[in-house]
$ cat coords.txt   # compact mmCIF, C-alpha atoms (C1' of nucleotides)
# COMPACT_ATOMS: atom_id res chain seq x y z
CA MET D 1 -135.18 -230.18 -38.02
CA LEU D 2 -133.43 -228.11 -35.38
CA ILE D 3 -132.14 -224.63 -35.98
CA GLY D 4 -128.54 -225.77 -36.08
CA GLU D 5 -129.20 -228.13 -38.93
CA LEU D 6 -131.14 -225.55 -40.89
CA SER D 7 -128.29 -223.14 -40.31
CA ARG D 8 -125.77 -225.64 -41.60
CA ARG D 9 -127.87 -226.54 -44.62
CA THR D 10 -128.49 -222.94 -45.63
CA GLY D 11 -125.30 -221.28 -44.47
CA VAL D 12 -127.38 -218.73 -42.58
CA SER D 13 -126.54 -218.17 -38.93
CA ALA D 14 -129.00 -219.31 -36.29
CA ARG D 15 -129.15 -215.75 -35.11
CA LEU D 16 -130.49 -214.69 -38.48
CA LEU D 17 -132.97 -217.53 -38.68
CA ARG D 18 -134.45 -216.33 -35.40
CA TYR D 19 -134.41 -212.81 -36.74
CA TYR D 20 -136.28 -213.81 -39.89
CA GLU D 21 -138.85 -215.49 -37.71
CA ALA D 22 -139.22 -212.36 -35.60
CA GLN D 23 -139.73 -210.41 -38.82
CA GLY D 24 -142.49 -212.76 -39.87
CA LEU D 25 -140.60 -214.25 -42.80
CA LEU D 26 -140.06 -217.77 -41.55
CA ASP D 27 -142.37 -220.04 -39.59
CA ALA D 28 -141.15 -222.62 -37.15
CA GLY D 29 -143.00 -225.16 -35.07
CA ARG D 30 -141.96 -225.85 -31.53
CA ALA D 31 -140.90 -229.12 -30.04
CA PRO D 32 -142.23 -229.92 -26.55
CA ASN D 33 -138.97 -228.71 -25.09
CA GLY D 34 -139.32 -225.33 -26.72
CA TYR D 35 -136.82 -225.89 -29.49
CA ARG D 36 -137.74 -224.61 -32.94
CA ASP D 37 -138.77 -227.36 -35.31
CA TYR D 38 -138.41 -226.59 -39.00
CA ASP D 39 -139.87 -228.58 -41.84
CA GLU D 40 -138.12 -229.43 -45.06
CA ASP D 41 -139.65 -226.50 -46.92
CA SER D 42 -137.83 -224.12 -44.64
CA VAL D 43 -134.61 -224.74 -46.51
CA VAL D 44 -136.20 -223.42 -49.68
CA THR D 45 -137.83 -220.55 -47.90
CA VAL D 46 -134.56 -219.44 -46.35
CA ARG D 47 -132.88 -219.54 -49.75
CA GLN D 48 -135.68 -217.40 -51.17
CA ILE D 49 -135.34 -214.95 -48.32
CA ARG D 50 -131.61 -214.71 -48.93
CA ALA D 51 -132.14 -214.21 -52.65
CA LEU D 52 -134.59 -211.40 -52.03
CA LEU D 53 -132.36 -209.79 -49.42
CA ASP D 54 -129.43 -210.01 -51.79
CA ALA D 55 -131.62 -208.37 -54.41
CA GLY D 56 -131.77 -205.39 -52.09
CA LEU D 57 -135.24 -205.83 -50.66
CA SER D 58 -135.88 -205.10 -47.01
CA THR D 59 -137.37 -207.68 -44.68
CA GLU D 60 -140.51 -205.59 -44.59
CA VAL D 61 -140.96 -205.78 -48.35
CA ILE D 62 -140.03 -209.42 -48.37
CA ARG D 63 -142.76 -210.09 -45.85
CA SER D 64 -145.27 -208.83 -48.40
CA VAL D 65 -143.70 -210.54 -51.33
CA LEU D 66 -142.78 -213.91 -49.92
CA PRO D 67 -146.23 -215.54 -49.85
CA CYS D 68 -146.50 -214.92 -53.58
CA VAL D 69 -143.01 -216.09 -54.31
CA ARG D 70 -143.80 -219.24 -52.41
CA GLY D 71 -146.90 -219.84 -54.46
CA GLU D 72 -149.25 -219.67 -51.55
CA ARG D 73 -152.40 -218.05 -52.74
CA PRO D 74 -155.01 -218.14 -50.04
CA GLU D 75 -156.95 -215.52 -51.91
CA PHE D 76 -157.17 -215.41 -55.61
CA ASP D 77 -155.87 -211.98 -56.48
CA TRP D 78 -153.70 -211.61 -53.42
CA CYS D 79 -150.63 -211.17 -55.56
CA ALA D 80 -152.01 -208.46 -57.76
CA ASP D 81 -149.99 -205.96 -55.73
CA LEU D 82 -146.77 -207.88 -56.18
CA TRP D 83 -146.07 -206.27 -59.48
CA ASP D 84 -146.65 -202.81 -58.08
CA ILE D 85 -144.54 -203.46 -55.02
CA LEU D 86 -141.59 -204.74 -56.97
CA ASN D 87 -141.87 -202.03 -59.56
CA GLY D 88 -141.86 -199.53 -56.71
CA GLU D 89 -138.69 -201.11 -55.42
CA LEU D 90 -137.16 -200.96 -58.87
CA ALA D 91 -137.98 -197.30 -59.12
CA ALA D 92 -136.47 -196.67 -55.70
CA MET D 93 -133.31 -198.47 -56.76
CA ASP D 94 -133.14 -196.42 -59.92
CA GLU D 95 -133.34 -193.33 -57.78
CA ASP D 96 -130.56 -194.60 -55.54
CA ILE D 97 -128.42 -195.37 -58.54
CA ALA D 98 -129.05 -191.96 -60.01
CA ALA D 99 -128.20 -190.30 -56.70
CA LEU D 100 -124.98 -192.25 -56.46
CA GLN D 101 -124.05 -191.41 -60.01
CA HIS D 102 -124.76 -187.79 -59.28
CA SER D 103 -122.50 -187.92 -56.25
CA ARG D 104 -119.88 -189.66 -58.26
CA GLY D 105 -120.01 -186.95 -60.86
CA ALA D 106 -119.75 -184.26 -58.20
CA LEU D 107 -116.75 -185.96 -56.71
CA ALA D 108 -115.10 -186.51 -60.05
CA GLY D 109 -115.64 -182.83 -60.70
CA LEU D 110 -113.75 -182.01 -57.53
CA LEU D 111 -110.81 -183.98 -58.85
CA THR D 112 -110.54 -182.50 -62.27
CA ARG D 113 -111.53 -178.88 -61.94
CA PRO D 114 -109.27 -177.47 -59.22
CA MET T 115 -120.47 -164.96 -34.80
CA LEU T 116 -122.64 -167.15 -32.62
CA ILE T 117 -123.82 -170.57 -33.62
CA GLY T 118 -127.35 -169.40 -34.28
CA GLU T 119 -126.20 -166.87 -36.82
CA LEU T 120 -123.95 -169.37 -38.56
CA SER T 121 -126.86 -171.75 -38.62
CA ARG T 122 -129.09 -169.16 -40.19
CA ARG T 123 -126.52 -168.11 -42.75
CA THR T 124 -125.73 -171.65 -43.84
CA GLY T 125 -129.07 -173.33 -43.37
CA VAL T 126 -127.38 -175.99 -41.29
CA SER T 127 -128.85 -176.74 -37.88
CA ALA T 128 -126.90 -175.79 -34.80
CA ARG T 129 -126.98 -179.42 -33.82
CA LEU T 130 -125.07 -180.32 -36.95
CA LEU T 131 -122.59 -177.50 -36.55
CA ARG T 132 -121.71 -178.90 -33.14
CA TYR T 133 -121.52 -182.34 -34.67
CA TYR T 134 -119.12 -181.19 -37.37
CA GLU T 135 -116.98 -179.65 -34.69
CA ALA T 136 -117.00 -182.89 -32.71
CA GLN T 137 -115.93 -184.68 -35.89
CA GLY T 138 -113.02 -182.30 -36.28
CA LEU T 139 -114.33 -180.64 -39.42
CA LEU T 140 -115.08 -177.20 -38.08
CA ASP T 141 -113.15 -175.06 -35.63
CA ALA T 142 -114.77 -172.61 -33.31
CA GLY T 143 -113.28 -170.23 -30.81
CA ARG T 144 -114.90 -169.70 -27.48
CA ALA T 145 -116.17 -166.50 -26.00
CA PRO T 146 -115.49 -165.95 -22.29
CA ASN T 147 -118.99 -167.14 -21.52
CA GLY T 148 -118.38 -170.45 -23.25
CA TYR T 149 -120.35 -169.65 -26.37
CA ARG T 150 -118.83 -170.79 -29.65
CA ASP T 151 -117.40 -167.94 -31.66
CA TYR T 152 -117.13 -168.49 -35.40
CA ASP T 153 -115.19 -166.36 -37.83
CA GLU T 154 -116.33 -165.30 -41.24
CA ASP T 155 -114.52 -168.17 -42.98
CA SER T 156 -116.71 -170.65 -41.17
CA VAL T 157 -119.56 -169.89 -43.54
CA VAL T 158 -117.44 -171.03 -46.45
CA THR T 159 -116.14 -174.03 -44.57
CA VAL T 160 -119.62 -175.17 -43.69
CA ARG T 161 -120.69 -174.88 -47.31
CA GLN T 162 -117.70 -176.95 -48.34
CA ILE T 163 -118.52 -179.57 -45.73
CA ARG T 164 -122.07 -179.75 -47.02
CA ALA T 165 -120.89 -180.02 -50.60
CA LEU T 166 -118.57 -182.89 -49.73
CA LEU T 167 -121.23 -184.63 -47.66
CA ASP T 168 -123.68 -184.25 -50.50
CA ALA T 169 -121.05 -185.74 -52.76
CA GLY T 170 -121.32 -188.84 -50.63
CA LEU T 171 -118.15 -188.51 -48.58
CA SER T 172 -118.18 -189.48 -44.92
CA THR T 173 -117.17 -187.05 -42.22
CA GLU T 174 -114.08 -189.14 -41.68
CA VAL T 175 -112.95 -188.75 -45.27
CA ILE T 176 -113.89 -185.11 -45.25
CA ARG T 177 -111.65 -184.60 -42.26
CA SER T 178 -108.73 -185.73 -44.39
CA VAL T 179 -109.75 -183.83 -47.46
CA LEU T 180 -110.93 -180.54 -46.05
CA PRO T 181 -107.55 -178.93 -45.27
CA CYS T 182 -106.61 -179.36 -48.92
CA VAL T 183 -109.92 -178.15 -50.21
CA ARG T 184 -109.49 -175.09 -48.01
CA GLY T 185 -106.11 -174.41 -49.47
CA GLU T 186 -104.28 -174.73 -46.19
CA ARG T 187 -100.94 -176.22 -46.94
CA PRO T 188 -98.84 -176.20 -43.82
CA GLU T 189 -96.63 -178.81 -45.42
CA PHE T 190 -95.76 -178.71 -49.03
CA ASP T 191 -96.86 -182.07 -50.32
CA TRP T 192 -99.54 -182.62 -47.72
CA CYS T 193 -102.18 -182.94 -50.39
CA ALA T 194 -100.39 -185.51 -52.44
CA ASP T 195 -102.68 -188.13 -50.91
CA LEU T 196 -105.81 -186.20 -51.78
CA TRP T 197 -105.87 -187.62 -55.24
CA ASP T 198 -105.54 -191.15 -53.93
CA ILE T 199 -108.16 -190.68 -51.27
CA LEU T 200 -110.73 -189.27 -53.65
CA ASN T 201 -109.97 -191.82 -56.29
CA GLY T 202 -110.47 -194.51 -53.66
CA GLU T 203 -113.84 -192.97 -52.87
CA LEU T 204 -114.71 -192.92 -56.53
CA ALA T 205 -113.85 -196.57 -56.83
CA ALA T 206 -115.97 -197.36 -53.77
CA MET T 207 -118.86 -195.49 -55.31
CA ASP T 208 -118.44 -197.36 -58.55
CA GLU T 209 -118.63 -200.58 -56.58
CA ASP T 210 -121.78 -199.41 -54.82
CA ILE T 211 -123.32 -198.47 -58.13
CA ALA T 212 -122.41 -201.81 -59.64
CA ALA T 213 -123.86 -203.64 -56.62
CA LEU T 214 -127.07 -201.68 -56.89
CA GLN T 215 -127.32 -202.32 -60.59
CA HIS T 216 -126.73 -205.99 -59.96
CA SER T 217 -129.52 -206.01 -57.38
CA ARG T 218 -131.72 -204.15 -59.77
CA GLY T 219 -131.08 -206.74 -62.43
CA ALA T 220 -131.80 -209.57 -60.04
CA LEU T 221 -135.05 -207.92 -59.03
CA ALA T 222 -136.06 -207.21 -62.58
CA GLY T 223 -135.38 -210.85 -63.31
CA LEU T 224 -137.79 -211.81 -60.57
CA LEU T 225 -140.47 -209.78 -62.29
CA THR T 226 -140.15 -211.09 -65.79
CA ARG T 227 -139.22 -214.74 -65.45
CA PRO T 228 -141.93 -216.26 -63.28
C1' DT F 229 -123.76 -237.44 -11.86
C1' DT F 230 -121.17 -234.62 -14.65
C1' DA F 231 -119.36 -232.79 -19.02
C1' DG F 232 -120.45 -230.93 -23.24
C1' DG F 233 -123.07 -229.51 -26.93
C1' DG F 234 -127.46 -227.84 -28.56
C1' DC F 235 -131.02 -224.69 -27.71
C1' DC F 236 -133.71 -220.63 -25.52
C1' DT F 237 -134.49 -215.43 -24.61
C1' DG F 238 -132.92 -210.89 -24.08
C1' DA F 239 -129.94 -207.30 -24.53
C1' DC F 240 -126.19 -204.53 -26.36
C1' DA F 241 -123.16 -203.04 -30.34
C1' DT F 242 -122.42 -201.71 -35.08
C1' DC F 243 -122.37 -197.37 -38.73
C1' DG F 244 -123.46 -192.13 -39.60
C1' DA F 245 -125.92 -188.11 -40.05
C1' DT F 246 -129.39 -186.12 -37.74
C1' DG F 247 -133.47 -184.89 -34.62
C1' DC F 248 -135.15 -183.83 -30.13
C1' DG F 249 -135.43 -182.78 -25.32
C1' DA F 250 -133.80 -181.83 -20.63
C1' DA F 251 -131.39 -179.11 -17.28
C1' DG F 252 -129.04 -175.17 -16.75
C1' DG F 253 -125.92 -170.79 -17.73
C1' DT F 254 -125.82 -165.87 -20.07
C1' DC F 255 -127.28 -161.71 -21.46
C1' DA F 256 -130.10 -157.86 -23.14
C1' DA F 257 -134.31 -155.48 -22.74
C1' DC F 258 -138.11 -154.02 -20.17
C1' DG Y 259 -135.79 -158.45 -11.15
C1' DT Y 260 -137.92 -160.92 -14.42
C1' DT Y 261 -138.93 -162.49 -19.00
C1' DG Y 262 -137.33 -164.43 -23.15
C1' DA Y 263 -134.06 -165.57 -26.52
C1' DC Y 264 -129.87 -167.44 -26.91
C1' DC Y 265 -126.31 -170.61 -25.67
C1' DT Y 266 -124.05 -174.88 -23.18
C1' DT Y 267 -123.46 -180.18 -22.50
C1' DC Y 268 -125.35 -184.71 -22.30
C1' DG Y 269 -127.94 -188.32 -23.75
C1' DC Y 270 -131.41 -190.97 -26.13
C1' DA Y 271 -133.59 -192.25 -30.68
C1' DT Y 272 -133.49 -193.40 -35.54
C1' DC Y 273 -132.75 -197.35 -39.47
C1' DG Y 274 -131.56 -202.64 -40.57
C1' DA Y 275 -129.17 -206.74 -40.95
C1' DT Y 276 -126.14 -208.92 -38.21
C1' DG Y 277 -122.56 -210.35 -34.48
C1' DT Y 278 -121.90 -211.54 -29.82
C1' DC Y 279 -122.37 -212.41 -25.11
C1' DA Y 280 -124.76 -213.80 -20.75
C1' DG Y 281 -127.60 -216.67 -18.08
C1' DG Y 282 -130.09 -220.66 -18.20
C1' DC Y 283 -132.72 -224.99 -19.87
C1' DC Y 284 -132.47 -229.74 -22.34
C1' DC Y 285 -130.53 -233.94 -23.54
C1' DT Y 286 -127.15 -237.59 -24.23
C1' DA Y 287 -123.02 -240.14 -23.42
C1' DA Y 288 -119.50 -241.52 -20.24

$ encode --input "coords.txt" --output "structure tokens"
Amino acid sequence: MLIGELSRRTGVSARLLRYYEAQGLLDAGRAPNGYRDYDEDSVVTVRQIRALLDAGLSTEVIRSVLPCVRGERPEFDWCADLWDILNGELAAMDEDIAALQHSRGALAGLLTRP
Amino acid sequence: MLIGELSRRTGVSARLLRYYEAQGLLDAGRAPNGYRDYDEDSVVTVRQIRALLDAGLSTEVIRSVLPCVRGERPEFDWCADLWDILNGELAAMDEDIAALQHSRGALAGLLTRP
DNA sequence: TTAGGGCCTGACATCGATGCGAAGGTCAAC
DNA sequence: GTTGACCTTCGCATCGATGTCAGGCCCTAA
């Protein structure tokens, strides 16, 4: 299917679909005229990408994670790192949350004390 | 005092001191030779700016808040909005925290379910 | 043959605090 | 009079997902 159709079916702008491809997240064949040609699986892949992005992962992390999420296992224990990667992300998020809560506390302190 | 001394005394790079000035957070006089000339209060002001930045406020918000924090009250009820502004920031932070925690939950779900 | 809609690449803008480097002026000390 | 430390402004770079625009190719219907 053409990029416009994939965009319509996923609700993701064509600009972003090209971006995901440039980031190595989404493969597309090429028609003889140079147009991108997506297969049916792309719809699922794009939804997975969106879900992971919405979960706060960066495209770089998603590039590592996606092959496992998609169930492609060219090598047997390829996905052994997945757990570590995602746990690392979780830890980073916990740090971000803690930092924000710290800031929030500091700000709340500014309001009450003086 | 010159910018280098202020930088040394506050631990804030000269680059940032100029940036704060450009953002309207920090005033500096000028010596005849064009050099910035800071007064003693600037040390305190810079510390306050850093504290507010570290509390997660943007320079734009700090520009509104700083005159009140500094105790300058050219008009009587100038700082009446301070409470609203900071409470708005608090609410925004709470939203950020909630969004992060939501993402964290989504990610944690990815780890346990499949 | 032309109008119009789809597609292509490439480039610039966003937001914000910050770093870094160039080109050049100032001043004190030697 | 020169070295060296300080200062000035200006501008580019960062990070990341995304919007937008320009210039141009492709294809189909009228």

$ calpha_fit_and_write --input "coords.txt" --fixed "chain D" --moving "chain T" --output "compact mmCIF listing (two decimals) with C-alpha atoms, in the coordinates of the input"
# COMPACT_ATOMS: atom_id res chain seq x y z
CA MET T 115 -135.26 -230.15 -38.05
CA LEU T 116 -133.52 -228.11 -35.40
CA ILE T 117 -132.20 -224.64 -35.97
CA GLY T 118 -128.60 -225.79 -36.06
CA GLU T 119 -129.27 -228.17 -38.91
CA LEU T 120 -131.19 -225.56 -40.87
CA SER T 121 -128.32 -223.19 -40.28
CA ARG T 122 -125.84 -225.70 -41.57
CA ARG T 123 -127.91 -226.59 -44.60
CA THR T 124 -128.51 -222.99 -45.61
CA GLY T 125 -125.31 -221.36 -44.46
CA VAL T 126 -127.36 -218.81 -42.56
CA SER T 127 -126.52 -218.27 -38.91
CA ALA T 128 -128.98 -219.38 -36.29
CA ARG T 129 -129.09 -215.81 -35.10
CA LEU T 130 -130.42 -214.72 -38.46
CA LEU T 131 -132.92 -217.55 -38.67
CA ARG T 132 -134.40 -216.34 -35.40
CA TYR T 133 -134.33 -212.82 -36.74
CA TYR T 134 -136.20 -213.80 -39.88
CA GLU T 135 -138.78 -215.47 -37.72
CA ALA T 136 -139.13 -212.35 -35.59
CA GLN T 137 -139.62 -210.38 -38.80
CA GLY T 138 -142.40 -212.71 -39.84
CA LEU T 139 -140.55 -214.20 -42.78
CA LEU T 140 -140.04 -217.71 -41.53
CA ASP T 141 -142.36 -219.98 -39.59
CA ALA T 142 -141.17 -222.57 -37.16
CA GLY T 143 -143.07 -225.08 -35.11
CA ARG T 144 -142.07 -225.81 -31.58
CA ALA T 145 -141.07 -229.10 -30.08
CA PRO T 146 -142.39 -229.85 -26.59
CA ASN T 147 -139.09 -228.73 -25.15
CA GLY T 148 -139.40 -225.32 -26.76
CA TYR T 149 -136.90 -225.95 -29.52
CA ARG T 150 -137.82 -224.62 -32.95
CA ASP T 151 -138.86 -227.34 -35.34
CA TYR T 152 -138.46 -226.58 -39.03
CA ASP T 153 -139.93 -228.55 -41.89
CA GLU T 154 -138.19 -229.42 -45.10
CA ASP T 155 -139.68 -226.44 -46.96
CA SER T 156 -137.85 -224.09 -44.65
CA VAL T 157 -134.62 -224.73 -46.52
CA VAL T 158 -136.20 -223.41 -49.69
CA THR T 159 -137.82 -220.51 -47.90
CA VAL T 160 -134.56 -219.45 -46.35
CA ARG T 161 -132.86 -219.53 -49.73
CA GLN T 162 -135.63 -217.39 -51.16
CA ILE T 163 -135.30 -214.93 -48.30
CA ARG T 164 -131.58 -214.70 -48.92
CA ALA T 165 -132.10 -214.22 -52.63
CA LEU T 166 -134.55 -211.39 -52.03
CA LEU T 167 -132.31 -209.78 -49.42
CA ASP T 168 -129.39 -210.02 -51.80
CA ALA T 169 -131.58 -208.38 -54.40
CA GLY T 170 -131.71 -205.41 -52.08
CA LEU T 171 -135.19 -205.84 -50.65
CA SER T 172 -135.82 -205.08 -46.99
CA THR T 173 -137.28 -207.66 -44.66
CA GLU T 174 -140.43 -205.58 -44.56
CA VAL T 175 -140.90 -205.76 -48.31
CA ILE T 176 -139.96 -209.40 -48.33
CA ARG T 177 -142.70 -210.07 -45.82
CA SER T 178 -145.20 -208.80 -48.37
CA VAL T 179 -143.64 -210.52 -51.31
CA LEU T 180 -142.71 -213.90 -49.91
CA PRO T 181 -146.17 -215.53 -49.83
CA CYS T 182 -146.45 -214.88 -53.56
CA VAL T 183 -142.96 -216.04 -54.31
CA ARG T 184 -143.76 -219.22 -52.40
CA GLY T 185 -146.82 -219.79 -54.48
CA GLU T 186 -149.21 -219.65 -51.56
CA ARG T 187 -152.37 -218.10 -52.81
CA PRO T 188 -154.99 -218.28 -50.12
CA GLU T 189 -156.89 -215.57 -51.93
CA PHE T 190 -157.10 -215.46 -55.64
CA ASP T 191 -155.81 -212.04 -56.52
CA TRP T 192 -153.63 -211.66 -53.45
CA CYS T 193 -150.56 -211.20 -55.59
CA ALA T 194 -151.97 -208.51 -57.77
CA ASP T 195 -150.00 -205.99 -55.71
CA LEU T 196 -146.76 -207.89 -56.12
CA TRP T 197 -146.09 -206.27 -59.43
CA ASP T 198 -146.66 -202.82 -58.00
CA ILE T 199 -144.55 -203.46 -54.94
CA LEU T 200 -141.60 -204.74 -56.91
CA ASN T 201 -141.88 -202.04 -59.49
CA GLY T 202 -141.87 -199.51 -56.66
CA GLU T 203 -138.69 -201.11 -55.37
CA LEU T 204 -137.18 -200.96 -58.82
CA ALA T 205 -137.99 -197.29 -59.05
CA ALA T 206 -136.45 -196.69 -55.63
CA MET T 207 -133.33 -198.49 -56.73
CA ASP T 208 -133.17 -196.43 -59.88
CA GLU T 209 -133.35 -193.33 -57.73
CA ASP T 210 -130.56 -194.62 -55.51
CA ILE T 211 -128.45 -195.38 -58.54
CA ALA T 212 -129.09 -191.95 -59.99
CA ALA T 213 -128.21 -190.31 -56.66
CA LEU T 214 -124.99 -192.27 -56.47
CA GLN T 215 -124.09 -191.42 -60.02
CA HIS T 216 -124.80 -187.79 -59.30
CA SER T 217 -122.51 -187.93 -56.26
CA ARG T 218 -119.92 -189.67 -58.33
CA GLY T 219 -120.08 -186.92 -60.90
CA ALA T 220 -119.81 -184.24 -58.27
CA LEU T 221 -116.79 -185.96 -56.79
CA ALA T 222 -115.16 -186.48 -60.14
CA GLY T 223 -115.71 -182.80 -60.77
CA LEU T 224 -113.83 -182.01 -57.59
CA LEU T 225 -110.88 -183.95 -58.92
CA THR T 226 -110.58 -182.44 -62.34
CA ARG T 227 -111.57 -178.81 -61.96
CA PRO T 228 -109.30 -177.44 -59.26

$ atom_distance --input "coords.txt" --atom1 "atom CA of D:Pro67" --atom2 "atom CA of D:Leu25"
9.1 Å

$ atom_distance --input "coords.txt" --atom1 "atom CA of D:His102" --atom2 "atom CA of T:Asp141"
29.3 Å

$ interface_residues --input "coords.txt" --of "chain F" --to "chain D" --cutoff "8 Å" --atoms "all atoms listed in the file" --output "CSV table (one decimal) with C-alpha atoms (C1' of nucleotides), in the frame of the given file"
chain,number,residue,atom,x,y,z
F,234,DG,C1',-127.5,-227.8,-28.6
F,235,DC,C1',-131.0,-224.7,-27.7
F,236,DC,C1',-133.7,-220.6,-25.5

$ atom_distance --input "coords.txt" --atom1 "atom CA of T:Leu140" --atom2 "atom CA of T:Glu174"
12.5 Å

$ residues_near_point --input "coords.txt" --point "(-122.3, -209.8, -34.1)" --cutoff "12 Å" --atoms "only C-alpha atoms (C1' of nucleotides)" --output "number ranges by chain"
D: 13-16; F: 240-242; Y: 275-279

$ interface_residues --input "coords.txt" --of "chain D" --to "chain T" --cutoff "7 Å" --atoms "all atoms listed in the file" --output "VMD selection string"
chain D and resid 54 to 56 90 93 97 100 103 to 104 106 to 107

$ interface_residues --input "coords.txt" --of "chain Y" --to "chain T" --cutoff "12 Å" --atoms "only C-alpha atoms (C1' of nucleotides)" --output "tab-separated table (two decimals) with C-alpha atoms (C1' of nucleotides), in the frame of the given file"
chain	number	residue	atom	x	y	z
Y	263	DA	C1'	-134.06	-165.57	-26.52
Y	264	DC	C1'	-129.87	-167.44	-26.91
Y	265	DC	C1'	-126.31	-170.61	-25.67
Y	266	DT	C1'	-124.05	-174.88	-23.18
Y	267	DT	C1'	-123.46	-180.18	-22.50
